[in-house]
Amino acid sequence: MPTPLIAGNWKMNGLLGESIERVGALAARVAAEPPHCDIAVCPPATLLRPVADALNNSAIALGGQDCHAAQAGAHTGDVSAEMLADAGCRYVIVGHSERRSDHGESDALVRSKAAAAHSAGLVAVVCLGESEAQRDAGEALAVVERQLAGSLPASVSAADTVIAYEPVWAIGTGRTASLDEIAEVHAHLRRLLCGRLGEEGRDLRLLYGGSVKPANAAGILAADEVNGALVGGASLAVDDFWAICRSCP
Ligand code: PGA
């Protein structure tokens, strides 16, 4: 069983002072009581360097929320994977549903971003998940299968990639997928990963994301084939995020 990963996706939230306080408080708890999981925080790009400095000597890793597929060049407003690594990141989220919907990102683009992450030595956290309409139409498994096939680059391995299953209808809505729904999708993804990577497919971490909070974390994190969580809203409150980290079996 891979070590679970709890990753906090701060999205477009956080100014300097409060953010440094937040990671300082989290780092103190991790140092005092090491949890049974790896932990990462993914702040907005403006906070990467100061958060990296604040996390120096901490077991908490740093992640970016997105990267461009190119290494450098004329891409106003974008950040490359190499820049994220340079700022102290170990992870980068790619293909989050908010990027897919707000910026029209396709599976092919997500795949090239994941490949860029790997070239820069980062672990790509590749997000996928069906919309509410797709679930209601009984298409959830087919959708995630298509996204998985389209979003993973040839360079994928258990060491350089994490998959986050995030049903779009559960993100920021307070509505979590049921344990049966999560288990069904995760089992399907695991079968597909083992089909592609053989035995190594068992070691690739499969996270669940979508309204994970202290009250539901223990059940989700104990579900079959769930190796951690991608946490949005609840990652902005240290008590809540820490409670989720402590819920890892
Ligand atoms: P949420 O977000 O926990 O606020 O639902 C999860 C995510 O978007 O990664």
# chains A, B, ... in the order shown; residues from 1 in each chain; ligands from 1
>>> closest_atom_pairs(of="chain A", to="ligand 1", cutoff="8 Å", atoms="only C-alpha atoms and all ligand atoms", output="Markdown table")
| residue | atom | partner | partner_atom_place_in_ligand_line | distance |
| --- | --- | --- | --- | --- |
| A:Gly8 | CA | ligand 1 | 9 (O) | 7.6 |
| A:Asn9 | CA | ligand 1 | 9 (O) | 5.6 |
| A:Lys11 | CA | ligand 1 | 8 (O) | 7.8 |
| A:His96 | CA | ligand 1 | 8 (O) | 7.0 |
| A:Ser97 | CA | ligand 1 | 8 (O) | 7.4 |
| A:Glu98 | CA | ligand 1 | 8 (O) | 7.5 |
| A:Glu166 | CA | ligand 1 | 7 (C) | 7.0 |
| A:Ala170 | CA | ligand 1 | 5 (O) | 6.0 |
| A:Ile171 | CA | ligand 1 | 5 (O) | 3.4 |
| A:Gly172 | CA | ligand 1 | 5 (O) | 3.6 |
| A:Thr173 | CA | ligand 1 | 5 (O) | 6.3 |
| A:Gly174 | CA | ligand 1 | 5 (O) | 6.8 |
| A:Gly209 | CA | ligand 1 | 6 (C) | 5.1 |
| A:Gly210 | CA | ligand 1 | 5 (O) | 3.7 |
| A:Ser211 | CA | ligand 1 | 5 (O) | 3.6 |
| A:Val212 | CA | ligand 1 | 3 (O) | 5.2 |
| A:Lys213 | CA | ligand 1 | 3 (O) | 7.4 |
| A:Leu230 | CA | ligand 1 | 9 (O) | 5.1 |
| A:Val231 | CA | ligand 1 | 3 (O) | 4.2 |
| A:Gly232 | CA | ligand 1 | 3 (O) | 3.4 |
| A:Gly233 | CA | ligand 1 | 4 (O) | 3.7 |
| A:Ala234 | CA | ligand 1 | 3 (O) | 6.0 |
| A:Ser235 | CA | ligand 1 | 3 (O) | 7.6 |
>>> residues_around(residues="range 125-139 of chain A", least_positions_apart="4", cutoff="10 Å", atoms="only C-alpha atoms", output="ChimeraX atom specification")
/A:7,63-66,91-97,99-100,107,110-111,113-114,117,143-148,151-152,160-170,185,205-210,230
>>> residues_around(residues="Ala85 in chain A", least_positions_apart="3", cutoff="12 Å", atoms="only C-alpha atoms", output="PyMOL selection string")
chain A and resi 45+48-49+52+61-64+67+71+79-82+88-92+116-124
>>> residues_around(residues="range 21-23 of chain A", least_positions_apart="5", cutoff="12 Å", atoms="only C-alpha atoms", output="ChimeraX atom specification")
/A:8,10,14-16,28-31,39-43,47-48,50-56,58-62,235-242
>>> select_by_dssp(residues="range 70-182 of chain A", states="strand (DSSP E)", output="list in words")
Tyr91, Val92, Ile93, Val94, Val123, Ala124, Val125, Val126, Cys127, Leu128, Thr161, Val162, Ile163, Ala164 and Tyr165 of chain A
>>> atom_distance(atom1="CA of Arg196 in chain A", atom2="CA of Val226 in chain A")
18.7 Å
>>> residues_around(residues="Arg202 in chain A", least_positions_apart="6", cutoff="10 Å", atoms="only C-alpha atoms", output="PyMOL selection string")
chain A and resi 1-2+158+190-191+193-194+225
>>> closest_residue(among="A:Ala74, A:Ala27, A:Ile244, A:Ala217", to="Asn57 in chain A", atoms="only C-alpha atoms")
A:Ala27
>>> closest_residue(among="A:Pro34, A:Gly201, A:Gly17, A:Gly24", to="Cys248 in chain A", atoms="only C-alpha atoms")
A:Pro34
>>> decode(residues="range 98-136 of chain A", atoms="N, CA and C atoms", output="PDB file, in the first residue's frame")
ATOM      1  N   GLU A  98     -11.400  22.984 -12.415  1.00  0.00           N
ATOM      2  CA  GLU A  98     -11.566  24.440 -12.584  1.00  0.00           C
ATOM      3  C   GLU A  98     -10.687  24.951 -13.722  1.00  0.00           C
ATOM      4  N   ARG A  99      -9.552  24.319 -13.975  1.00  0.00           N
ATOM      5  CA  ARG A  99      -8.724  24.667 -15.133  1.00  0.00           C
ATOM      6  C   ARG A  99      -9.405  24.142 -16.410  1.00  0.00           C
ATOM      7  N   ARG A 100      -9.933  22.923 -16.304  1.00  0.00           N
ATOM      8  CA  ARG A 100     -10.579  22.338 -17.493  1.00  0.00           C
ATOM      9  C   ARG A 100     -11.783  23.189 -17.902  1.00  0.00           C
ATOM     10  N   SER A 101     -12.554  23.691 -16.902  1.00  0.00           N
ATOM     11  CA  SER A 101     -13.755  24.456 -17.269  1.00  0.00           C
ATOM     12  C   SER A 101     -13.442  25.937 -17.486  1.00  0.00           C
ATOM     13  N   ASP A 102     -12.684  26.570 -16.592  1.00  0.00           N
ATOM     14  CA  ASP A 102     -12.416  28.017 -16.732  1.00  0.00           C
ATOM     15  C   ASP A 102     -11.503  28.324 -17.910  1.00  0.00           C
ATOM     16  N   HIS A 103     -10.601  27.394 -18.235  1.00  0.00           N
ATOM     17  CA  HIS A 103      -9.589  27.671 -19.260  1.00  0.00           C
ATOM     18  C   HIS A 103      -9.663  26.706 -20.437  1.00  0.00           C
ATOM     19  N   GLY A 104     -10.721  25.931 -20.482  1.00  0.00           N
ATOM     20  CA  GLY A 104     -10.927  25.026 -21.616  1.00  0.00           C
ATOM     21  C   GLY A 104      -9.805  24.021 -21.820  1.00  0.00           C
ATOM     22  N   GLU A 105      -9.216  23.539 -20.746  1.00  0.00           N
ATOM     23  CA  GLU A 105      -8.085  22.614 -20.907  1.00  0.00           C
ATOM     24  C   GLU A 105      -8.566  21.218 -21.315  1.00  0.00           C
ATOM     25  N   SER A 106      -7.952  20.704 -22.344  1.00  0.00           N
ATOM     26  CA  SER A 106      -8.298  19.375 -22.858  1.00  0.00           C
ATOM     27  C   SER A 106      -7.395  18.311 -22.226  1.00  0.00           C
ATOM     28  N   ASP A 107      -7.787  17.054 -22.418  1.00  0.00           N
ATOM     29  CA  ASP A 107      -6.929  15.962 -21.944  1.00  0.00           C
ATOM     30  C   ASP A 107      -5.535  16.057 -22.572  1.00  0.00           C
ATOM     31  N   ALA A 108      -5.479  16.419 -23.843  1.00  0.00           N
ATOM     32  CA  ALA A 108      -4.168  16.481 -24.521  1.00  0.00           C
ATOM     33  C   ALA A 108      -3.275  17.552 -23.888  1.00  0.00           C
ATOM     34  N   LEU A 109      -3.890  18.683 -23.535  1.00  0.00           N
ATOM     35  CA  LEU A 109      -3.099  19.740 -22.886  1.00  0.00           C
ATOM     36  C   LEU A 109      -2.638  19.286 -21.501  1.00  0.00           C
ATOM     37  N   VAL A 110      -3.538  18.645 -20.777  1.00  0.00           N
ATOM     38  CA  VAL A 110      -3.186  18.153 -19.440  1.00  0.00           C
ATOM     39  C   VAL A 110      -2.029  17.156 -19.547  1.00  0.00           C
ATOM     40  N   ARG A 111      -2.093  16.311 -20.567  1.00  0.00           N
ATOM     41  CA  ARG A 111      -1.018  15.322 -20.767  1.00  0.00           C
ATOM     42  C   ARG A 111       0.318  16.027 -21.001  1.00  0.00           C
ATOM     43  N   SER A 112       0.301  17.094 -21.805  1.00  0.00           N
ATOM     44  CA  SER A 112       1.581  17.764 -22.072  1.00  0.00           C
ATOM     45  C   SER A 112       2.067  18.525 -20.835  1.00  0.00           C
ATOM     46  N   LYS A 113       1.146  19.015 -20.014  1.00  0.00           N
ATOM     47  CA  LYS A 113       1.560  19.651 -18.758  1.00  0.00           C
ATOM     48  C   LYS A 113       2.167  18.614 -17.806  1.00  0.00           C
ATOM     49  N   ALA A 114       1.564  17.431 -17.750  1.00  0.00           N
ATOM     50  CA  ALA A 114       2.109  16.380 -16.875  1.00  0.00           C
ATOM     51  C   ALA A 114       3.502  15.968 -17.359  1.00  0.00           C
ATOM     52  N   ALA A 115       3.665  15.901 -18.679  1.00  0.00           N
ATOM     53  CA  ALA A 115       4.990  15.558 -19.222  1.00  0.00           C
ATOM     54  C   ALA A 115       6.006  16.643 -18.858  1.00  0.00           C
ATOM     55  N   ALA A 116       5.580  17.914 -18.920  1.00  0.00           N
ATOM     56  CA  ALA A 116       6.475  19.016 -18.538  1.00  0.00           C
ATOM     57  C   ALA A 116       6.844  18.906 -17.061  1.00  0.00           C
ATOM     58  N   ALA A 117       5.869  18.544 -16.239  1.00  0.00           N
ATOM     59  CA  ALA A 117       6.138  18.368 -14.805  1.00  0.00           C
ATOM     60  C   ALA A 117       7.211  17.297 -14.604  1.00  0.00           C
ATOM     61  N   HIS A 118       7.057  16.178 -15.297  1.00  0.00           N
ATOM     62  CA  HIS A 118       8.037  15.094 -15.150  1.00  0.00           C
ATOM     63  C   HIS A 118       9.423  15.535 -15.613  1.00  0.00           C
ATOM     64  N   SER A 119       9.473  16.267 -16.716  1.00  0.00           N
ATOM     65  CA  SER A 119      10.788  16.734 -17.208  1.00  0.00           C
ATOM     66  C   SER A 119      11.459  17.641 -16.196  1.00  0.00           C
ATOM     67  N   ALA A 120      10.649  18.368 -15.423  1.00  0.00           N
ATOM     68  CA  ALA A 120      11.218  19.280 -14.425  1.00  0.00           C
ATOM     69  C   ALA A 120      11.474  18.567 -13.094  1.00  0.00           C
ATOM     70  N   GLY A 121      11.202  17.267 -13.049  1.00  0.00           N
ATOM     71  CA  GLY A 121      11.455  16.512 -11.824  1.00  0.00           C
ATOM     72  C   GLY A 121      10.340  16.620 -10.795  1.00  0.00           C
ATOM     73  N   LEU A 122       9.167  17.076 -11.236  1.00  0.00           N
ATOM     74  CA  LEU A 122       8.032  17.218 -10.317  1.00  0.00           C
ATOM     75  C   LEU A 122       7.115  16.001 -10.389  1.00  0.00           C
ATOM     76  N   VAL A 123       6.397  15.781  -9.326  1.00  0.00           N
ATOM     77  CA  VAL A 123       5.331  14.779  -9.325  1.00  0.00           C
ATOM     78  C   VAL A 123       4.065  15.472  -9.824  1.00  0.00           C
ATOM     79  N   ALA A 124       3.463  14.925 -10.874  1.00  0.00           N
ATOM     80  CA  ALA A 124       2.230  15.503 -11.422  1.00  0.00           C
ATOM     81  C   ALA A 124       1.026  14.918 -10.690  1.00  0.00           C
ATOM     82  N   VAL A 125       0.170  15.810 -10.176  1.00  0.00           N
ATOM     83  CA  VAL A 125      -1.096  15.366  -9.565  1.00  0.00           C
ATOM     84  C   VAL A 125      -2.167  15.598 -10.628  1.00  0.00           C
ATOM     85  N   VAL A 126      -2.509  14.536 -11.345  1.00  0.00           N
ATOM     86  CA  VAL A 126      -3.404  14.641 -12.497  1.00  0.00           C
ATOM     87  C   VAL A 126      -4.849  14.459 -12.024  1.00  0.00           C
ATOM     88  N   CYS A 127      -5.671  15.502 -12.246  1.00  0.00           N
ATOM     89  CA  CYS A 127      -7.057  15.467 -11.773  1.00  0.00           C
ATOM     90  C   CYS A 127      -8.004  15.038 -12.893  1.00  0.00           C
ATOM     91  N   LEU A 128      -9.004  14.293 -12.508  1.00  0.00           N
ATOM     92  CA  LEU A 128     -10.069  13.920 -13.441  1.00  0.00           C
ATOM     93  C   LEU A 128     -11.345  13.674 -12.667  1.00  0.00           C
ATOM     94  N   GLY A 129     -12.448  13.637 -13.371  1.00  0.00           N
ATOM     95  CA  GLY A 129     -13.730  13.408 -12.703  1.00  0.00           C
ATOM     96  C   GLY A 129     -14.871  13.827 -13.604  1.00  0.00           C
ATOM     97  N   GLU A 130     -16.017  13.177 -13.412  1.00  0.00           N
ATOM     98  CA  GLU A 130     -17.168  13.412 -14.266  1.00  0.00           C
ATOM     99  C   GLU A 130     -18.018  14.573 -13.756  1.00  0.00           C
ATOM    100  N   SER A 131     -18.794  15.162 -14.641  1.00  0.00           N
ATOM    101  CA  SER A 131     -19.751  16.201 -14.255  1.00  0.00           C
ATOM    102  C   SER A 131     -21.016  15.531 -13.703  1.00  0.00           C
ATOM    103  N   GLU A 132     -21.876  16.344 -13.153  1.00  0.00           N
ATOM    104  CA  GLU A 132     -23.131  15.805 -12.612  1.00  0.00           C
ATOM    105  C   GLU A 132     -23.978  15.176 -13.728  1.00  0.00           C
ATOM    106  N   ALA A 133     -24.027  15.868 -14.885  1.00  0.00           N
ATOM    107  CA  ALA A 133     -24.830  15.338 -15.995  1.00  0.00           C
ATOM    108  C   ALA A 133     -24.271  13.996 -16.467  1.00  0.00           C
ATOM    109  N   GLN A 134     -22.945  13.897 -16.503  1.00  0.00           N
ATOM    110  CA  GLN A 134     -22.338  12.638 -16.937  1.00  0.00           C
ATOM    111  C   GLN A 134     -22.628  11.518 -15.942  1.00  0.00           C
ATOM    112  N   ARG A 135     -22.582  11.833 -14.643  1.00  0.00           N
ATOM    113  CA  ARG A 135     -22.918  10.800 -13.643  1.00  0.00           C
ATOM    114  C   ARG A 135     -24.377  10.380 -13.784  1.00  0.00           C
ATOM    115  N   ASP A 136     -25.251  11.377 -13.912  1.00  0.00           N
ATOM    116  CA  ASP A 136     -26.679  11.058 -14.020  1.00  0.00           C
ATOM    117  C   ASP A 136     -26.973  10.214 -15.256  1.00  0.00           C
TER     118      ASP A 136
END
